[in-house]
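To start, the structure itself, in structure tokens.
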Amino acid sequence: MRMEDISGRGGKEPLDGQVLLVLSMDNNCSATSFDMELCAEKLKSLGVQVAADQWRRLIQDALLKPEVRQYMFYNSRAFQIAIAVIFYMSLWTNIYSTVQLCSFGRYWEASVLVTLAAVAATVVVILVIDRRQRKINMNTDVRLAAVNEVFIKHSLILGITDALDGPHSILQLWFVHFNPERCLQSLSAHIMDLQRTQESGLRHSLDQLCVVMEATVQPNPGTEEKTLREESPLLSSRVNLNKEPVTCNELLRLVPEGPPEVMAQQLLVIFSGCYVRLLVTGRLPRAVAEGHLENSSMPCLCQFIETTALNTHHSWFMGR
């Protein structure tokens, strides 16, 4: 694990979108973790007064659980490169063996065509994966919402990325300076306008922001007692019925209906992780209109949300 401090501006107030701190850890080794002690010291020097136990627990729950780390490994750049190589080799082998059955398969031109076809198909797969990486990830970005809800009050938002260091997959936790006041006001006004002019479209957009939760069905006590009597064995009363609880899947809306400012605050928290990930990896497109980031062509957080989540008719982004 290592920590990088890249916040130096000679004591000046940091700009929105400026990276203040990066924590790194090797995701190949399950015993490693982020150095929370050094992080706490750096946050204290930045004037961030947050209870250490609180944000440590939130980061632990969001990113450091074994199942989450396993998902991030299988979704990492190293694993995607391995999949692309395997896909290319298997596709080339299959196409080449098929071409050999034809009369022109013995010519060297056939090998060139097979290689070009396999390369083209592999490039398409890589582009599809890259396009998916530009969208919000419910398993990583949204899990940071609880952490960002705490830090955004101190003008900080967090995001998680992975990088390659030789054969190792390195997880990087980014701390980015971001003052939410102007974006909160702008996004609240935009939501208020949509509620007034495009209420059905706004509701449809927000309905897309949901997660599936497994809930336990709580039976009626009277009905449960009657069912147990009906299902009790006739020959022996010593048999213990160990029935597993009944569960069902429920859709939980991440942004429920409410006042525009409350909805805007929730959207800022939910999309902060995705925004930071795209910002630090250079995947944010340039903004057509001037946003709240000083001296930057990148969109601010509220512009990013208006385009990706609220599906406005005009686009803030220019194609690259």
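Chain labels A, B, ... are given in the sequence in which chains occur in the structure tokens; within each chain residues are numbered consecutively from 1, and ligands are likewise numbered from 1 in the order shown.
With only C-alpha atoms taken into account, the protein and nucleic acid residues at most 8 Å from Ala78 of chain A (excluding it and anything under 2 positions from it in its own chain) are Ser76, Gln80, Ile81, Ala82, Ala163, Leu164, Pro167, His168 and Ser169 of chain A.
Residues within 9 Å of Tyr275 of chain A, counting only C-alpha atoms and excluding same-chain residues fewer than 3 positions away, are A:Ile136, A:Asp141, A:Gly159, A:Phe271, A:Ser272, A:Leu278, A:Leu279, A:Val280, A:Leu284, A:Cys300, A:Leu301, A:Phe304, A:Ile305.
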Using only all heavy atoms, please write the residues we just selected to a file, as a short mmCIF file (atom, residue, chain, number, x, y, z; two decimals), in the first residue's frame.
```cif
data_model
loop_
_atom_site.label_atom_id
_atom_site.label_comp_id
_atom_site.auth_asym_id
_atom_site.auth_seq_id
_atom_site.Cartn_x
_atom_site.Cartn_y
_atom_site.Cartn_z
N ILE A 136 -22.14 4.40 -15.00
CA ILE A 136 -22.08 4.23 -13.55
C ILE A 136 -22.14 2.75 -13.21
O ILE A 136 -22.90 1.98 -13.79
CB ILE A 136 -23.22 5.01 -12.86
CG1 ILE A 136 -23.03 4.97 -11.35
CG2 ILE A 136 -24.58 4.47 -13.28
CD1 ILE A 136 -23.97 5.93 -10.61
N ASP A 141 -19.18 2.21 -7.88
CA ASP A 141 -19.43 3.65 -7.76
C ASP A 141 -20.53 3.95 -6.74
O ASP A 141 -20.38 4.82 -5.88
CB ASP A 141 -19.82 4.24 -9.12
CG ASP A 141 -18.72 4.06 -10.16
OD1 ASP A 141 -17.54 4.10 -9.77
OD2 ASP A 141 -19.04 3.89 -11.35
N GLY A 159 -13.52 8.40 -5.38
CA GLY A 159 -13.77 7.46 -6.47
C GLY A 159 -12.71 6.38 -6.47
O GLY A 159 -11.60 6.59 -5.96
N PHE A 271 -23.69 9.95 -7.84
CA PHE A 271 -22.86 10.00 -9.04
C PHE A 271 -21.44 10.50 -8.78
O PHE A 271 -20.64 10.55 -9.71
CB PHE A 271 -23.53 10.88 -10.10
CG PHE A 271 -24.58 10.18 -10.89
CD1 PHE A 271 -25.88 10.13 -10.42
CD2 PHE A 271 -24.28 9.54 -12.08
CE1 PHE A 271 -26.87 9.47 -11.13
CE2 PHE A 271 -25.25 8.89 -12.80
CZ PHE A 271 -26.56 8.84 -12.33
N SER A 272 -21.12 10.85 -7.54
CA SER A 272 -19.77 11.36 -7.25
C SER A 272 -18.70 10.32 -7.55
O SER A 272 -17.65 10.64 -8.12
CB SER A 272 -19.69 11.78 -5.78
OG SER A 272 -20.48 12.91 -5.53
N LEU A 278 -14.19 8.70 -13.79
CA LEU A 278 -14.03 9.15 -15.17
C LEU A 278 -13.13 10.38 -15.25
O LEU A 278 -12.39 10.55 -16.23
CB LEU A 278 -15.40 9.46 -15.77
CG LEU A 278 -16.37 8.29 -15.88
CD1 LEU A 278 -17.69 8.74 -16.50
CD2 LEU A 278 -15.78 7.14 -16.69
N LEU A 279 -13.17 11.23 -14.23
CA LEU A 279 -12.34 12.44 -14.23
C LEU A 279 -10.86 12.10 -14.18
O LEU A 279 -10.07 12.61 -14.97
CB LEU A 279 -12.72 13.32 -13.04
CG LEU A 279 -11.87 14.58 -12.81
CD1 LEU A 279 -12.08 15.58 -13.95
CD2 LEU A 279 -12.20 15.23 -11.47
N VAL A 280 -10.46 11.22 -13.26
CA VAL A 280 -9.04 10.94 -13.07
C VAL A 280 -8.49 10.04 -14.16
O VAL A 280 -7.26 10.01 -14.38
CB VAL A 280 -8.79 10.32 -11.67
CG1 VAL A 280 -9.22 11.27 -10.57
CG2 VAL A 280 -9.51 8.98 -11.53
N LEU A 284 -13.89 11.70 -19.12
CA LEU A 284 -14.97 12.68 -19.20
C LEU A 284 -14.83 13.47 -20.51
O LEU A 284 -13.75 14.00 -20.80
CB LEU A 284 -14.92 13.65 -18.03
CG LEU A 284 -15.51 13.18 -16.70
CD1 LEU A 284 -15.28 14.26 -15.64
CD2 LEU A 284 -16.98 12.85 -16.81
N CYS A 300 -18.68 19.91 -15.08
CA CYS A 300 -18.78 19.79 -13.62
C CYS A 300 -19.76 18.66 -13.30
O CYS A 300 -20.38 18.07 -14.18
CB CYS A 300 -19.23 21.11 -13.00
SG CYS A 300 -20.85 21.66 -13.55
N LEU A 301 -19.91 18.37 -12.03
CA LEU A 301 -20.71 17.23 -11.62
C LEU A 301 -22.18 17.39 -12.00
O LEU A 301 -22.83 16.43 -12.43
CB LEU A 301 -20.57 17.02 -10.11
CG LEU A 301 -21.30 15.81 -9.50
CD1 LEU A 301 -20.97 14.53 -10.23
CD2 LEU A 301 -20.95 15.69 -8.01
N PHE A 304 -22.64 16.68 -15.67
CA PHE A 304 -22.52 15.24 -15.89
C PHE A 304 -23.81 14.53 -15.55
O PHE A 304 -24.28 13.65 -16.28
CB PHE A 304 -21.35 14.71 -15.06
CG PHE A 304 -21.17 13.22 -15.13
CD1 PHE A 304 -20.68 12.63 -16.28
CD2 PHE A 304 -21.47 12.42 -14.04
CE1 PHE A 304 -20.51 11.26 -16.35
CE2 PHE A 304 -21.30 11.06 -14.10
CZ PHE A 304 -20.82 10.47 -15.27
N ILE A 305 -24.44 14.89 -14.43
CA ILE A 305 -25.69 14.25 -14.00
C ILE A 305 -26.83 14.59 -14.94
O ILE A 305 -27.65 13.73 -15.30
CB ILE A 305 -26.02 14.66 -12.55
CG1 ILE A 305 -24.98 14.10 -11.59
CG2 ILE A 305 -27.42 14.20 -12.15
CD1 ILE A 305 -25.12 14.60 -10.17
#
```
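Minimum distance to Glu181 of chain A across A:Ile126, A:Ile152, A:Cys39, A:Ala110 (counting only C-alpha atoms) occurs at A:Ile152.
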_List as a PyMOL selection string the protein and nucleic acid residues near Leu293 of chain A, meaning an atom at most 7 Å away when only C-alpha atoms are counted, but skip any in the same chain fewer than 3 places from it._
chain A and resi 16-17+296+300
How would the residues just picked look written out with all heavy atoms as a tab-separated table (two decimals), in the first residue's frame?
```tsv
chain	number	residue	atom	x	y	z
A	16	ASP	N	-11.89	23.13	-7.61
A	16	ASP	CA	-12.81	22.01	-7.78
A	16	ASP	C	-12.28	21.09	-8.87
A	16	ASP	O	-11.86	21.54	-9.94
A	16	ASP	CB	-14.20	22.52	-8.17
A	16	ASP	CG	-14.95	23.11	-6.98
A	16	ASP	OD1	-14.49	22.89	-5.84
A	16	ASP	OD2	-15.97	23.79	-7.19
A	17	GLY	N	-12.31	19.79	-8.60
A	17	GLY	CA	-11.78	18.81	-9.54
A	17	GLY	C	-10.31	18.51	-9.33
A	17	GLY	O	-9.75	17.68	-10.06
A	296	SER	N	-11.02	24.77	-16.88
A	296	SER	CA	-11.09	23.37	-17.31
A	296	SER	C	-12.18	23.23	-18.36
A	296	SER	O	-13.23	23.88	-18.29
A	296	SER	CB	-11.38	22.45	-16.13
A	296	SER	OG	-11.55	21.10	-16.57
A	300	CYS	N	-18.68	19.91	-15.08
A	300	CYS	CA	-18.78	19.79	-13.62
A	300	CYS	C	-19.76	18.66	-13.30
A	300	CYS	O	-20.38	18.07	-14.18
A	300	CYS	CB	-19.23	21.11	-13.00
A	300	CYS	SG	-20.85	21.66	-13.55
```
*Mind checking DSSP for segment 1-173 of chain A and telling me the alpha helix (DSSP H) residues as number ranges by chain?*
A: 36-45, 52-63, 66-74, 77-99, 108-133, 145-151
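Compared by their closest atoms to Pro245 of chain A, and using only C-alpha atoms, the residues A:Val147, A:Ala189, A:Ile86, A:Glu214 rank with A:Glu214 nearest.
For the choices A:Leu23, A:Leu101, A:Leu206, A:Leu184, the atom-to-atom distance to Lys153 of chain A is smallest for A:Leu184 when using only C-alpha atoms.
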*Polymer residues at most 8 Å from Ile157 of chain A, only C-alpha atoms, same-chain spacing of 2 or more positions, as a PyMOL selection string*: chain A and resi 148+151-152+155+159+175-178+272-273+276
Expected file: the selected residues, all heavy atoms, as a tab-separated table (two decimals), in the first residue's frame:
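Output (again-v1.tsv):
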```tsv
chain	number	residue	atom	x	y	z
A	148	ASN	N	-19.27	9.17	0.28
A	148	ASN	CA	-19.33	10.53	-0.29
A	148	ASN	C	-20.36	11.40	0.42
A	148	ASN	O	-20.21	12.63	0.45
A	148	ASN	CB	-19.63	10.45	-1.79
A	148	ASN	CG	-18.41	10.10	-2.61
A	148	ASN	OD1	-17.31	10.57	-2.33
A	148	ASN	ND2	-18.58	9.25	-3.60
A	151	PHE	N	-18.19	12.84	3.16
A	151	PHE	CA	-17.07	13.70	2.76
A	151	PHE	C	-17.51	14.91	1.94
A	151	PHE	O	-16.80	15.92	1.92
A	151	PHE	CB	-16.04	12.89	1.97
A	151	PHE	CG	-15.12	12.09	2.84
A	151	PHE	CD1	-15.27	10.72	2.96
A	151	PHE	CD2	-14.09	12.71	3.54
A	151	PHE	CE1	-14.42	9.98	3.77
A	151	PHE	CE2	-13.23	11.98	4.33
A	151	PHE	CZ	-13.40	10.61	4.46
A	152	ILE	N	-18.65	14.83	1.24
A	152	ILE	CA	-19.06	15.95	0.41
A	152	ILE	C	-19.39	17.18	1.26
A	152	ILE	O	-19.30	18.31	0.79
A	152	ILE	CB	-20.27	15.56	-0.48
A	152	ILE	CG1	-20.38	16.50	-1.68
A	152	ILE	CG2	-21.57	15.56	0.32
A	152	ILE	CD1	-21.40	16.07	-2.71
A	155	SER	N	-16.31	19.20	1.31
A	155	SER	CA	-15.79	19.55	-0.03
A	155	SER	C	-14.81	18.50	-0.55
A	155	SER	O	-13.78	18.83	-1.16
A	155	SER	CB	-15.12	20.94	-0.02
A	155	SER	OG	-16.05	21.93	0.35
A	159	GLY	N	-13.52	8.40	-5.38
A	159	GLY	CA	-13.77	7.46	-6.47
A	159	GLY	C	-12.71	6.38	-6.47
A	159	GLY	O	-11.60	6.59	-5.96
A	175	PHE	N	-9.17	11.04	-3.67
A	175	PHE	CA	-9.85	12.09	-2.92
A	175	PHE	C	-9.75	13.37	-3.75
A	175	PHE	O	-8.65	13.88	-3.96
A	175	PHE	CB	-9.20	12.30	-1.55
A	175	PHE	CG	-9.38	11.15	-0.60
A	175	PHE	CD1	-8.70	9.96	-0.78
A	175	PHE	CD2	-10.24	11.26	0.50
A	175	PHE	CE1	-8.86	8.90	0.10
A	175	PHE	CE2	-10.40	10.21	1.39
A	175	PHE	CZ	-9.72	9.03	1.18
A	176	VAL	N	-10.88	13.88	-4.20
A	176	VAL	CA	-10.92	15.04	-5.10
A	176	VAL	C	-11.66	16.18	-4.41
A	176	VAL	O	-12.72	15.97	-3.82
A	176	VAL	CB	-11.61	14.68	-6.43
A	176	VAL	CG1	-11.77	15.92	-7.32
A	176	VAL	CG2	-10.82	13.59	-7.16
A	177	HIS	N	-11.08	17.39	-4.49
A	177	HIS	CA	-11.74	18.55	-3.92
A	177	HIS	C	-12.94	18.95	-4.77
A	177	HIS	O	-12.86	19.02	-5.99
A	177	HIS	CB	-10.77	19.74	-3.84
A	177	HIS	CG	-11.37	20.96	-3.21
A	177	HIS	ND1	-12.02	21.94	-3.95
A	177	HIS	CD2	-11.46	21.35	-1.92
A	177	HIS	CE1	-12.46	22.89	-3.14
A	177	HIS	NE2	-12.13	22.56	-1.91
A	178	PHE	N	-14.07	19.16	-4.11
A	178	PHE	CA	-15.29	19.53	-4.82
A	178	PHE	C	-16.23	20.25	-3.86
A	178	PHE	O	-16.67	19.68	-2.87
A	178	PHE	CB	-15.98	18.30	-5.41
A	178	PHE	CG	-17.33	18.60	-6.01
A	178	PHE	CD1	-17.43	19.23	-7.23
A	178	PHE	CD2	-18.49	18.24	-5.34
A	178	PHE	CE1	-18.68	19.51	-7.77
A	178	PHE	CE2	-19.73	18.51	-5.87
A	178	PHE	CZ	-19.82	19.15	-7.10
A	272	SER	N	-21.12	10.85	-7.54
A	272	SER	CA	-19.77	11.36	-7.25
A	272	SER	C	-18.70	10.32	-7.55
A	272	SER	O	-17.65	10.64	-8.12
A	272	SER	CB	-19.69	11.78	-5.78
A	272	SER	OG	-20.48	12.91	-5.53
A	273	GLY	N	-18.93	9.06	-7.16
A	273	GLY	CA	-17.94	8.01	-7.37
A	273	GLY	C	-17.65	7.80	-8.84
A	273	GLY	O	-16.49	7.68	-9.26
A	276	VAL	N	-15.72	10.92	-10.31
A	276	VAL	CA	-14.30	10.93	-9.97
A	276	VAL	C	-13.54	9.90	-10.80
A	276	VAL	O	-12.44	10.16	-11.31
A	276	VAL	CB	-14.10	10.68	-8.46
A	276	VAL	CG1	-12.63	10.45	-8.14
A	276	VAL	CG2	-14.63	11.85	-7.66
```
*Tell me which protein, DNA and RNA residues are within 9 Å of Met213 of chain A, counting only C-alpha atoms, leaving out same-chain ones fewer than 6 positions away, and put them as a VMD selection string.*
chain A and resid 248 to 252
Print the selection's residues with all heavy atoms to a file, as a PDB file, in the first residue's frame.
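Output (selection.pdb):
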```pdb
ATOM      1  N   CYS A 248     -37.766 -12.386  -0.961  1.00  0.00           N
ATOM      2  CA  CYS A 248     -38.198 -11.895  -2.271  1.00  0.00           C
ATOM      3  C   CYS A 248     -37.325 -10.712  -2.663  1.00  0.00           C
ATOM      4  O   CYS A 248     -36.694 -10.080  -1.817  1.00  0.00           O
ATOM      5  CB  CYS A 248     -39.675 -11.489  -2.244  1.00  0.00           C
ATOM      6  SG  CYS A 248     -40.023 -10.060  -1.191  1.00  0.00           S
ATOM      7  N   ASN A 249     -37.264 -10.452  -3.948  1.00  0.00           N
ATOM      8  CA  ASN A 249     -36.475  -9.337  -4.456  1.00  0.00           C
ATOM      9  C   ASN A 249     -37.345  -8.089  -4.578  1.00  0.00           C
ATOM     10  O   ASN A 249     -38.474  -8.151  -5.078  1.00  0.00           O
ATOM     11  CB  ASN A 249     -35.873  -9.676  -5.822  1.00  0.00           C
ATOM     12  CG  ASN A 249     -34.807 -10.752  -5.729  1.00  0.00           C
ATOM     13  OD1 ASN A 249     -34.155 -10.889  -4.697  1.00  0.00           O
ATOM     14  ND2 ASN A 249     -34.621 -11.509  -6.798  1.00  0.00           N
ATOM     15  N   GLU A 250     -36.813  -6.980  -4.113  1.00  0.00           N
ATOM     16  CA  GLU A 250     -37.515  -5.708  -4.183  1.00  0.00           C
ATOM     17  C   GLU A 250     -36.639  -4.676  -4.875  1.00  0.00           C
ATOM     18  O   GLU A 250     -35.418  -4.678  -4.721  1.00  0.00           O
ATOM     19  CB  GLU A 250     -37.878  -5.195  -2.782  1.00  0.00           C
ATOM     20  CG  GLU A 250     -38.876  -6.056  -2.035  1.00  0.00           C
ATOM     21  CD  GLU A 250     -39.226  -5.474  -0.685  1.00  0.00           C
ATOM     22  OE1 GLU A 250     -38.555  -4.495  -0.283  1.00  0.00           O
ATOM     23  OE2 GLU A 250     -40.140  -5.988  -0.034  1.00  0.00           O
ATOM     24  N   LEU A 251     -37.269  -3.812  -5.646  1.00  0.00           N
ATOM     25  CA  LEU A 251     -36.553  -2.716  -6.299  1.00  0.00           C
ATOM     26  C   LEU A 251     -36.533  -1.508  -5.371  1.00  0.00           C
ATOM     27  O   LEU A 251     -37.575  -1.034  -4.923  1.00  0.00           O
ATOM     28  CB  LEU A 251     -37.226  -2.341  -7.618  1.00  0.00           C
ATOM     29  CG  LEU A 251     -36.975  -3.261  -8.813  1.00  0.00           C
ATOM     30  CD1 LEU A 251     -37.741  -2.765 -10.026  1.00  0.00           C
ATOM     31  CD2 LEU A 251     -35.493  -3.357  -9.137  1.00  0.00           C
ATOM     32  N   LEU A 252     -35.322  -1.040  -5.077  1.00  0.00           N
ATOM     33  CA  LEU A 252     -35.159   0.129  -4.217  1.00  0.00           C
ATOM     34  C   LEU A 252     -34.737   1.319  -5.069  1.00  0.00           C
ATOM     35  O   LEU A 252     -33.680   1.290  -5.707  1.00  0.00           O
ATOM     36  CB  LEU A 252     -34.100  -0.141  -3.142  1.00  0.00           C
ATOM     37  CG  LEU A 252     -33.737   1.042  -2.232  1.00  0.00           C
ATOM     38  CD1 LEU A 252     -34.943   1.450  -1.400  1.00  0.00           C
ATOM     39  CD2 LEU A 252     -32.543   0.695  -1.357  1.00  0.00           C
TER      40      LEU A 252
END
```
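Here the question is which of A:Gln185, A:Gln18, A:Ser297, A:Asn28 gets nearest to Asp165 of chain A using only C-alpha atoms, and that residue is A:Asn28.
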